[in-house]
$ cat upload-v5.pdb   # PDB, C-alpha atoms
ATOM      1  CA  MET A   1      22.622   3.336  -8.666  1.00  0.00           C
ATOM      2  CA  CYS A   2      24.696   2.933  -5.596  1.00  0.00           C
ATOM      3  CA  MET A   3      22.926   2.659  -2.263  1.00  0.00           C
ATOM      4  CA  CYS A   4      25.728   4.730  -0.737  1.00  0.00           C
ATOM      5  CA  PHE A   5      24.981   7.520  -3.201  1.00  0.00           C
ATOM      6  CA  THR A   6      21.318   7.725  -2.311  1.00  0.00           C
ATOM      7  CA  LEU A   7      22.010   7.485   1.407  1.00  0.00           C
ATOM      8  CA  LEU A   8      24.587  10.247   1.155  1.00  0.00           C
ATOM      9  CA  LEU A   9      22.122  12.488  -0.624  1.00  0.00           C
ATOM     10  CA  ARG A  10      19.435  11.579   1.939  1.00  0.00           C
ATOM     11  CA  LEU A  11      21.734  12.663   4.751  1.00  0.00           C
ATOM     12  CA  CYS A  12      22.422  15.889   2.908  1.00  0.00           C
ATOM     13  CA  VAL A  13      18.703  16.597   2.631  1.00  0.00           C
ATOM     14  CA  VAL A  14      18.259  15.987   6.352  1.00  0.00           C
ATOM     15  CA  CYS A  15      21.182  18.234   7.203  1.00  0.00           C
ATOM     16  CA  GLY A  16      20.303  20.790   4.518  1.00  0.00           C
ATOM     17  CA  THR A  17      23.985  21.420   3.883  1.00  0.00           C
ATOM     18  CA  PHE A  18      24.608  20.138   0.388  1.00  0.00           C
ATOM     19  CA  GLU A  19      23.613  22.305  -2.573  1.00  0.00           C
ATOM     20  CA  LEU A  20      22.682  19.426  -4.877  1.00  0.00           C
ATOM     21  CA  ALA A  21      20.563  17.765  -2.207  1.00  0.00           C
ATOM     22  CA  THR A  22      18.902  21.093  -1.481  1.00  0.00           C
ATOM     23  CA  MET A  23      18.080  21.491  -5.161  1.00  0.00           C
ATOM     24  CA  LEU A  24      16.694  17.939  -5.278  1.00  0.00           C
ATOM     25  CA  GLY A  25      14.887  18.123  -1.952  1.00  0.00           C
ATOM     26  CA  GLY A  26      11.766  19.872  -3.214  1.00  0.00           C
ATOM     27  CA  LYS A  27      11.016  23.556  -3.576  1.00  0.00           C
ATOM     28  CA  THR A  28       7.741  24.070  -1.760  1.00  0.00           C
ATOM     29  CA  GLU A  29       6.902  22.909   1.750  1.00  0.00           C
ATOM     30  CA  GLU A  30       4.492  20.331   0.314  1.00  0.00           C
ATOM     31  CA  GLU A  31       7.190  18.966  -2.009  1.00  0.00           C
ATOM     32  CA  LYS A  32       9.670  18.754   0.877  1.00  0.00           C
ATOM     33  CA  ILE A  33       7.145  16.803   2.926  1.00  0.00           C
ATOM     34  CA  ARG A  34       6.476  14.473  -0.005  1.00  0.00           C
ATOM     35  CA  VAL A  35      10.223  13.951  -0.492  1.00  0.00           C
ATOM     36  CA  ASP A  36      10.720  13.153   3.176  1.00  0.00           C
ATOM     37  CA  THR A  37       7.735  10.797   3.278  1.00  0.00           C
ATOM     38  CA  SER A  38       8.840   9.058   0.084  1.00  0.00           C
ATOM     39  CA  LEU A  39      12.390   8.596   1.313  1.00  0.00           C
ATOM     40  CA  HIS A  40      11.222   7.037   4.557  1.00  0.00           C
ATOM     41  CA  GLU A  41       8.837   4.698   2.758  1.00  0.00           C
ATOM     42  CA  SER A  42      11.401   3.626   0.157  1.00  0.00           C
ATOM     43  CA  CYS A  43      13.960   3.060   2.920  1.00  0.00           C
ATOM     44  CA  ASP A  44      11.409   0.753   4.554  1.00  0.00           C
ATOM     45  CA  ILE A  45      11.127  -1.143   1.265  1.00  0.00           C
ATOM     46  CA  ARG A  46      14.904  -1.431   1.092  1.00  0.00           C
ATOM     47  CA  LYS A  47      15.091  -2.722   4.669  1.00  0.00           C
ATOM     48  CA  ARG A  48      12.518  -5.452   3.989  1.00  0.00           C
ATOM     49  CA  PHE A  49      14.233  -6.313   0.684  1.00  0.00           C
ATOM     50  CA  THR A  50      17.614  -6.615   2.406  1.00  0.00           C
ATOM     51  CA  THR A  51      16.153  -8.786   5.172  1.00  0.00           C
ATOM     52  CA  LEU A  52      14.713 -11.100   2.523  1.00  0.00           C
ATOM     53  CA  SER A  53      17.944 -11.117   0.533  1.00  0.00           C
ATOM     54  CA  PHE A  54      19.979 -12.263   3.519  1.00  0.00           C
ATOM     55  CA  SER A  55      17.453 -14.864   4.656  1.00  0.00           C
ATOM     56  CA  ALA A  56      18.691 -18.446   4.833  1.00  0.00           C
ATOM     57  CA  ASP A  57      15.173 -19.452   3.759  1.00  0.00           C
ATOM     58  CA  PHE A  58      15.146 -17.072   0.781  1.00  0.00           C
ATOM     59  CA  ALA A  59      13.168 -19.224  -1.676  1.00  0.00           C
ATOM     60  CA  THR A  60      10.279 -19.788   0.736  1.00  0.00           C
ATOM     61  CA  LYS A  61      10.213 -16.245   2.072  1.00  0.00           C
ATOM     62  CA  LYS A  62      10.347 -14.693  -1.409  1.00  0.00           C
ATOM     63  CA  VAL A  63       6.774 -15.842  -2.180  1.00  0.00           C
ATOM     64  CA  GLU A  64       5.405 -14.303   1.016  1.00  0.00           C
ATOM     65  CA  TYR A  65       7.488 -11.163   0.494  1.00  0.00           C
ATOM     66  CA  LEU A  66       6.115 -10.587  -3.005  1.00  0.00           C
ATOM     67  CA  GLN A  67       2.551 -11.000  -1.737  1.00  0.00           C
ATOM     68  CA  GLN A  68       3.211  -8.369   0.942  1.00  0.00           C
ATOM     69  CA  LEU A  69       4.827  -6.080  -1.628  1.00  0.00           C
ATOM     70  CA  ALA A  70       1.636  -5.543  -3.636  1.00  0.00           C
ATOM     71  CA  PRO A  71      -0.135  -3.323  -1.064  1.00  0.00           C
ATOM     72  CA  VAL A  72       3.041  -1.255  -0.657  1.00  0.00           C
ATOM     73  CA  LEU A  73       3.246  -0.695  -4.406  1.00  0.00           C
ATOM     74  CA  GLU A  74      -0.447   0.197  -4.444  1.00  0.00           C
ATOM     75  CA  ARG A  75       0.180   2.894  -1.806  1.00  0.00           C
ATOM     76  CA  PHE A  76       2.995   4.343  -3.909  1.00  0.00           C
ATOM     77  CA  THR A  77       0.743   4.312  -6.968  1.00  0.00           C
ATOM     78  CA  ASP A  78      -1.880   6.253  -5.008  1.00  0.00           C
ATOM     79  CA  PHE A  79       0.756   8.594  -3.579  1.00  0.00           C
ATOM     80  CA  ILE A  80       2.147   9.494  -7.002  1.00  0.00           C
ATOM     81  CA  GLY A  81      -1.353   9.978  -8.383  1.00  0.00           C
ATOM     82  CA  SER A  82      -1.264  12.205 -11.436  1.00  0.00           C
ATOM     83  CA  HIS A  83       2.202  13.590 -10.643  1.00  0.00           C
ATOM     84  CA  LYS A  84       5.116  12.696 -12.862  1.00  0.00           C
ATOM     85  CA  TRP A  85       7.429  12.113  -9.890  1.00  0.00           C
ATOM     86  CA  LEU A  86       7.006  11.395  -6.178  1.00  0.00           C
ATOM     87  CA  ALA A  87       6.978  15.010  -5.005  1.00  0.00           C
ATOM     88  CA  GLY A  88       5.271  16.508  -8.030  1.00  0.00           C
ATOM     89  CA  ASP A  89       6.390  17.389 -11.514  1.00  0.00           C
ATOM     90  CA  GLU A  90      10.070  17.934 -10.648  1.00  0.00           C
ATOM     91  CA  LEU A  91      12.581  15.160 -10.082  1.00  0.00           C
ATOM     92  CA  THR A  92      13.818  14.931  -6.477  1.00  0.00           C
ATOM     93  CA  ILE A  93      16.232  12.842  -4.477  1.00  0.00           C
ATOM     94  CA  ALA A  94      13.342  10.584  -3.443  1.00  0.00           C
ATOM     95  CA  ASP A  95      12.884   9.516  -7.046  1.00  0.00           C
ATOM     96  CA  PHE A  96      16.459   8.241  -7.243  1.00  0.00           C
ATOM     97  CA  HIS A  97      16.037   6.098  -4.163  1.00  0.00           C
ATOM     98  CA  PHE A  98      12.581   4.829  -5.132  1.00  0.00           C
ATOM     99  CA  TYR A  99      13.742   3.978  -8.651  1.00  0.00           C
ATOM    100  CA  GLU A 100      16.667   2.081  -7.161  1.00  0.00           C
ATOM    101  CA  GLN A 101      14.247  -0.014  -5.107  1.00  0.00           C
ATOM    102  CA  LEU A 102      11.948  -0.685  -8.051  1.00  0.00           C
ATOM    103  CA  ALA A 103      14.897  -1.700 -10.237  1.00  0.00           C
ATOM    104  CA  ALA A 104      16.101  -4.157  -7.589  1.00  0.00           C
ATOM    105  CA  HIS A 105      12.615  -5.606  -7.273  1.00  0.00           C
ATOM    106  CA  LEU A 106      12.379  -6.039 -11.027  1.00  0.00           C
ATOM    107  CA  ILE A 107      15.537  -8.150 -10.826  1.00  0.00           C
ATOM    108  CA  LEU A 108      14.008 -10.159  -7.982  1.00  0.00           C
ATOM    109  CA  ASP A 109      10.777 -10.658  -9.955  1.00  0.00           C
ATOM    110  CA  PRO A 110      10.469  -9.150 -13.449  1.00  0.00           C
ATOM    111  CA  THR A 111       6.654  -9.354 -13.186  1.00  0.00           C
ATOM    112  CA  CYS A 112       6.311  -7.514  -9.844  1.00  0.00           C
ATOM    113  CA  LEU A 113       5.066  -4.305 -11.489  1.00  0.00           C
ATOM    114  CA  ASP A 114       2.701  -5.944 -13.973  1.00  0.00           C
ATOM    115  CA  LYS A 115      -0.360  -4.981 -11.904  1.00  0.00           C
ATOM    116  CA  PHE A 116       0.958  -1.435 -11.461  1.00  0.00           C
ATOM    117  CA  PRO A 117       1.079   0.289 -14.859  1.00  0.00           C
ATOM    118  CA  ARG A 118       1.668   3.669 -13.203  1.00  0.00           C
ATOM    119  CA  LEU A 119       4.847   2.364 -11.566  1.00  0.00           C
ATOM    120  CA  LYS A 120       5.973   0.708 -14.799  1.00  0.00           C
ATOM    121  CA  ALA A 121       5.563   4.081 -16.522  1.00  0.00           C
ATOM    122  CA  TYR A 122       7.471   5.722 -13.658  1.00  0.00           C
ATOM    123  CA  VAL A 123      10.413   3.329 -14.158  1.00  0.00           C
ATOM    124  CA  ALA A 124      10.337   3.925 -17.919  1.00  0.00           C
ATOM    125  CA  SER A 125      10.296   7.716 -17.441  1.00  0.00           C
ATOM    126  CA  PHE A 126      13.228   7.551 -15.047  1.00  0.00           C
ATOM    127  CA  GLU A 127      15.231   5.343 -17.403  1.00  0.00           C
ATOM    128  CA  GLU A 128      14.566   7.785 -20.249  1.00  0.00           C
ATOM    129  CA  LEU A 129      16.213  10.668 -18.410  1.00  0.00           C
ATOM    130  CA  PRO A 130      19.220  11.480 -20.635  1.00  0.00           C
ATOM    131  CA  ALA A 131      21.846  11.152 -17.870  1.00  0.00           C
ATOM    132  CA  ILE A 132      20.358   7.892 -16.573  1.00  0.00           C
ATOM    133  CA  LYS A 133      20.023   6.461 -20.067  1.00  0.00           C
ATOM    134  CA  ALA A 134      23.647   7.334 -20.850  1.00  0.00           C
ATOM    135  CA  TYR A 135      24.864   5.897 -17.539  1.00  0.00           C
ATOM    136  CA  LYS A 136      22.970   2.630 -17.994  1.00  0.00           C
ATOM    137  CA  ALA A 137      24.455   2.297 -21.503  1.00  0.00           C
ATOM    138  CA  SER A 138      27.994   2.968 -20.262  1.00  0.00           C
ATOM    139  CA  PRO A 139      30.561   0.387 -19.146  1.00  0.00           C
ATOM    140  CA  ASP A 140      30.423   1.985 -15.673  1.00  0.00           C
ATOM    141  CA  PHE A 141      26.907   0.672 -15.057  1.00  0.00           C
ATOM    142  CA  ILE A 142      26.757  -2.514 -12.996  1.00  0.00           C
ATOM    143  CA  GLU A 143      23.300  -3.970 -12.489  1.00  0.00           C
ATOM    144  CA  ARG A 144      24.386  -6.599  -9.991  1.00  0.00           C
ATOM    145  CA  PRO A 145      25.291  -7.437  -7.323  1.00  0.00           C
ATOM    146  CA  ILE A 146      22.526  -5.667  -5.441  1.00  0.00           C
ATOM    147  CA  ASN A 147      23.670  -7.028  -2.094  1.00  0.00           C
ATOM    148  CA  SER A 148      26.937  -8.324  -0.718  1.00  0.00           C
ATOM    149  CA  PRO A 149      28.167 -11.750  -1.808  1.00  0.00           C
ATOM    150  CA  PHE A 150      27.075 -13.092   1.584  1.00  0.00           C
ATOM    151  CA  ALA A 151      23.396 -12.585   0.739  1.00  0.00           C
ATOM    152  CA  SER A 152      21.157 -15.389  -0.485  1.00  0.00           C
ATOM    153  CA  PHE A 153      20.018 -13.045  -3.283  1.00  0.00           C
ATOM    154  CA  THR A 154      22.774 -10.918  -4.731  1.00  0.00           C
TER     155      THR A 154
END
$ encode --input "upload-v5.pdb" --output "structure tokens"
Amino acid sequence: MCMCFTLLLRLCVVCGTFELATMLGGKTEEEKIRVDTSLHESCDIRKRFTTLSFSADFATKKVEYLQQLAPVLERFTDFIGSHKWLAGDELTIADFHFYEQLAAHLILDPTCLDKFPRLKAYVASFEELPAIKAYKASPDFIERPINSPFASFT
């Protein structure tokens, strides 16, 4: 996924002007609140991930970062609960952004979700969506770089 894509859709949800974003922004008031909350939280994850990735002391800070990541992933596990997706049983824009963050973290540390079977199942469900599965199998899919070439972790 492209960070620009998810940010564009996020802006569209905030502005409420884009039909696709409106369709993916949740239907009920509760779903809309869950989408908004999820987007803010996953943006926080992305900010911390980017800060780590551009750190000159990446190797040392990575260990501390991964330790601090566990409670964040636990909160997401609790937030999802028995729902299939972040806002409920329907896919929303928040799921695209959250999946993007989880995928990047799995590149950073392939074991980071081992203690979170619910999140591993979430990733698997997202990757089984027909359009996502087809995209990831296509020559258009590029897993890396995640960050610019100037980052310590690309």
$ resolve_selection --input "upload-v5.pdb" --expression "the PyMOL selection byres ((chain A and resi 38-42) around 8)" --output "ChimeraX atom specification"
/A:10,34-37,43-46,86,94,97-98,101
$ atom_distance --input "upload-v5.pdb" --atom1 "CA of Tyr99 in chain A" --atom2 "CA of Val123 in chain A"
6.5 Å
$ resolve_selection --input "upload-v5.pdb" --expression "the PyMOL selection byres ((chain A and resi 61-70) around 9)" --output "list in words"
Ile45, Arg48, Phe49, Leu52, Ser53, Ser55, Asp57, Phe58, Ala59, Thr60, Pro71, Val72, Leu73, Glu74, Arg75, Leu108, Asp109, Cys112, Leu113, Lys115 and Phe116 of chain A
$ residues_near_point --input "upload-v5.pdb" --point "(24.2, -13.0, 2.6)" --cutoff "10 Å" --atoms "all atoms listed in the file" --output "PyMOL selection string"
chain A and resi 50-56+147-154
$ atom_distance --input "upload-v5.pdb" --atom1 "CA of Gly88 in chain A" --atom2 "CA of Glu128 in chain A"
17.7 Å
$ atom_distance --input "upload-v5.pdb" --atom1 "CA of Thr92 in chain A" --atom2 "CA of Phe76 in chain A"
15.4 Å
$ axis_aligned_box --input "upload-v5.pdb" --around "range 54-64 of chain A" --padding-each-side "6 Å" --output "AutoDock Vina command-line options"
--center_x 12.7 --center_y -16.0 --center_z 1.3 --size_x 26.6 --size_y 19.5 --size_z 19.0
$ residues_near_point --input "upload-v5.pdb" --point "(19.2, 3.3, -19.9)" --cutoff "12 Å" --atoms "only C-alpha atoms" --output "tab-separated table (two decimals) with C-alpha atoms, in the coordinates of the input"
chain	number	residue	atom	x	y	z
A	1	MET	CA	22.62	3.34	-8.67
A	103	ALA	CA	14.90	-1.70	-10.24
A	123	VAL	CA	10.41	3.33	-14.16
A	124	ALA	CA	10.34	3.92	-17.92
A	125	SER	CA	10.30	7.72	-17.44
A	126	PHE	CA	13.23	7.55	-15.05
A	127	GLU	CA	15.23	5.34	-17.40
A	128	GLU	CA	14.57	7.78	-20.25
A	129	LEU	CA	16.21	10.67	-18.41
A	130	PRO	CA	19.22	11.48	-20.64
A	131	ALA	CA	21.85	11.15	-17.87
A	132	ILE	CA	20.36	7.89	-16.57
A	133	LYS	CA	20.02	6.46	-20.07
A	134	ALA	CA	23.65	7.33	-20.85
A	135	TYR	CA	24.86	5.90	-17.54
A	136	LYS	CA	22.97	2.63	-17.99
A	137	ALA	CA	24.46	2.30	-21.50
A	138	SER	CA	27.99	2.97	-20.26
A	139	PRO	CA	30.56	0.39	-19.15
A	141	PHE	CA	26.91	0.67	-15.06
A	142	ILE	CA	26.76	-2.51	-13.00
A	143	GLU	CA	23.30	-3.97	-12.49
$ closest_residue --input "upload-v5.pdb" --among "A:Ile93, A:Ile80, A:Ala104, A:Ile146" --to "Leu119 in chain A" --atoms "all atoms listed in the file"
A:Ile80
$ resolve_selection --input "upload-v5.pdb" --expression "the PyMOL selection byres ((chain A and resi 90) around 10)" --output "list in words"
Leu24, Gly25, Gly26, Lys27, Glu31, His83, Lys84, Trp85, Leu86, Ala87, Gly88, Asp89, Leu91, Thr92 and Asp95 of chain A
$ decode --input "upload-v5.pdb" --residues "range 125-151 of chain A" --atoms "N, CA, C and O atoms" --output "mmCIF file, in the first residue's frame"
data_model
loop_
_atom_site.group_PDB
_atom_site.id
_atom_site.type_symbol
_atom_site.label_atom_id
_atom_site.label_comp_id
_atom_site.auth_asym_id
_atom_site.auth_seq_id
_atom_site.Cartn_x
_atom_site.Cartn_y
_atom_site.Cartn_z
ATOM 1 N N SER A 125 -6.618 -12.234 7.162
ATOM 2 C CA SER A 125 -7.929 -11.920 6.571
ATOM 3 C C SER A 125 -7.815 -10.798 5.553
ATOM 4 O O SER A 125 -8.429 -10.852 4.481
ATOM 5 N N PHE A 126 -7.040 -9.778 5.884
ATOM 6 C CA PHE A 126 -6.868 -8.660 4.956
ATOM 7 C C PHE A 126 -6.183 -9.134 3.679
ATOM 8 O O PHE A 126 -6.594 -8.777 2.576
ATOM 9 N N GLU A 127 -5.152 -9.947 3.827
ATOM 10 C CA GLU A 127 -4.403 -10.418 2.659
ATOM 11 C C GLU A 127 -5.198 -11.409 1.818
ATOM 12 O O GLU A 127 -4.848 -11.647 0.667
ATOM 13 N N GLU A 128 -6.266 -11.956 2.366
ATOM 14 C CA GLU A 128 -7.130 -12.863 1.611
ATOM 15 C C GLU A 128 -8.245 -12.140 0.857
ATOM 16 O O GLU A 128 -8.956 -12.769 0.070
ATOM 17 N N LEU A 129 -8.396 -10.842 1.092
ATOM 18 C CA LEU A 129 -9.372 -10.091 0.307
ATOM 19 C C LEU A 129 -8.979 -10.222 -1.168
ATOM 20 O O LEU A 129 -7.812 -10.029 -1.520
ATOM 21 N N PRO A 130 -9.914 -10.573 -2.041
ATOM 22 C CA PRO A 130 -9.565 -10.855 -3.439
ATOM 23 C C PRO A 130 -8.752 -9.742 -4.117
ATOM 24 O O PRO A 130 -7.751 -10.034 -4.790
ATOM 25 N N ALA A 131 -9.129 -8.494 -3.939
ATOM 26 C CA ALA A 131 -8.396 -7.400 -4.599
ATOM 27 C C ALA A 131 -6.993 -7.250 -4.022
ATOM 28 O O ALA A 131 -6.040 -6.990 -4.766
ATOM 29 N N ILE A 132 -6.842 -7.424 -2.729
ATOM 30 C CA ILE A 132 -5.527 -7.313 -2.092
ATOM 31 C C ILE A 132 -4.652 -8.485 -2.522
ATOM 32 O O ILE A 132 -3.477 -8.313 -2.863
ATOM 33 N N LYS A 133 -5.227 -9.664 -2.511
ATOM 34 C CA LYS A 133 -4.477 -10.861 -2.919
ATOM 35 C C LYS A 133 -3.988 -10.724 -4.359
ATOM 36 O O LYS A 133 -2.824 -11.028 -4.659
ATOM 37 N N ALA A 134 -4.854 -10.252 -5.238
ATOM 38 C CA ALA A 134 -4.472 -10.067 -6.644
ATOM 39 C C ALA A 134 -3.393 -9.000 -6.778
ATOM 40 O O ALA A 134 -2.426 -9.172 -7.532
ATOM 41 N N TYR A 135 -3.542 -7.903 -6.049
ATOM 42 C CA TYR A 135 -2.545 -6.826 -6.103
ATOM 43 C C TYR A 135 -1.189 -7.306 -5.612
ATOM 44 O O TYR A 135 -0.164 -7.060 -6.246
ATOM 45 N N LYS A 136 -1.166 -8.023 -4.491
ATOM 46 C CA LYS A 136 0.105 -8.491 -3.941
ATOM 47 C C LYS A 136 0.777 -9.513 -4.862
ATOM 48 O O LYS A 136 1.991 -9.664 -4.832
ATOM 49 N N ALA A 137 -0.002 -10.211 -5.678
ATOM 50 C CA ALA A 137 0.548 -11.187 -6.619
ATOM 51 C C ALA A 137 0.956 -10.544 -7.943
ATOM 52 O O ALA A 137 1.609 -11.178 -8.765
ATOM 53 N N SER A 138 0.606 -9.283 -8.134
ATOM 54 C CA SER A 138 0.871 -8.612 -9.409
ATOM 55 C C SER A 138 2.283 -8.009 -9.439
ATOM 56 O O SER A 138 2.880 -7.767 -8.388
ATOM 57 N N PRO A 139 2.772 -7.711 -10.624
ATOM 58 C CA PRO A 139 4.083 -7.054 -10.731
ATOM 59 C C PRO A 139 4.055 -5.598 -10.236
ATOM 60 O O PRO A 139 5.106 -4.998 -10.019
ATOM 61 N N ASP A 140 2.869 -5.053 -10.024
ATOM 62 C CA ASP A 140 2.752 -3.676 -9.524
ATOM 63 C C ASP A 140 3.057 -3.564 -8.029
ATOM 64 O O ASP A 140 3.351 -2.487 -7.535
ATOM 65 N N PHE A 141 2.976 -4.684 -7.322
ATOM 66 C CA PHE A 141 3.187 -4.653 -5.874
ATOM 67 C C PHE A 141 4.681 -4.528 -5.560
ATOM 68 O O PHE A 141 5.499 -5.284 -6.072
ATOM 69 N N ILE A 142 4.998 -3.561 -4.719
ATOM 70 C CA ILE A 142 6.374 -3.354 -4.267
ATOM 71 C C ILE A 142 6.340 -3.336 -2.740
ATOM 72 O O ILE A 142 5.750 -2.443 -2.144
ATOM 73 N N GLU A 143 6.969 -4.340 -2.145
ATOM 74 C CA GLU A 143 6.953 -4.432 -0.685
ATOM 75 C C GLU A 143 7.857 -3.391 -0.032
ATOM 76 O O GLU A 143 7.530 -2.840 1.010
ATOM 77 N N ARG A 144 8.969 -3.131 -0.657
ATOM 78 C CA ARG A 144 9.941 -2.178 -0.117
ATOM 79 C C ARG A 144 10.443 -1.312 -1.247
ATOM 80 O O ARG A 144 10.446 -1.739 -2.377
ATOM 81 N N PRO A 145 10.870 -0.128 -0.972
ATOM 82 C CA PRO A 145 11.166 0.458 0.323
ATOM 83 C C PRO A 145 9.904 0.937 1.043
ATOM 84 O O PRO A 145 8.923 1.307 0.413
ATOM 85 N N ILE A 146 9.974 0.914 2.357
ATOM 86 C CA ILE A 146 8.900 1.424 3.196
ATOM 87 C C ILE A 146 9.094 2.916 3.409
ATOM 88 O O ILE A 146 8.156 3.685 3.449
ATOM 89 N N ASN A 147 10.362 3.290 3.560
ATOM 90 C CA ASN A 147 10.739 4.683 3.803
ATOM 91 C C ASN A 147 11.649 5.159 2.682
ATOM 92 O O ASN A 147 12.038 4.379 1.813
ATOM 93 N N SER A 148 12.016 6.403 2.726
ATOM 94 C CA SER A 148 12.903 6.954 1.704
ATOM 95 C C SER A 148 14.293 6.324 1.835
ATOM 96 O O SER A 148 14.634 5.763 2.877
ATOM 97 N N PRO A 149 15.102 6.434 0.801
ATOM 98 C CA PRO A 149 16.441 5.859 0.853
ATOM 99 C C PRO A 149 17.346 6.531 1.911
ATOM 100 O O PRO A 149 18.401 6.010 2.227
ATOM 101 N N PHE A 150 16.914 7.632 2.450
ATOM 102 C CA PHE A 150 17.706 8.321 3.468
ATOM 103 C C PHE A 150 17.487 7.758 4.869
ATOM 104 O O PHE A 150 18.172 8.138 5.806
ATOM 105 N N ALA A 151 16.529 6.853 5.004
ATOM 106 C CA ALA A 151 16.239 6.250 6.307
ATOM 107 C C ALA A 151 17.266 5.185 6.648
ATOM 108 O O ALA A 151 17.866 4.564 5.760
#
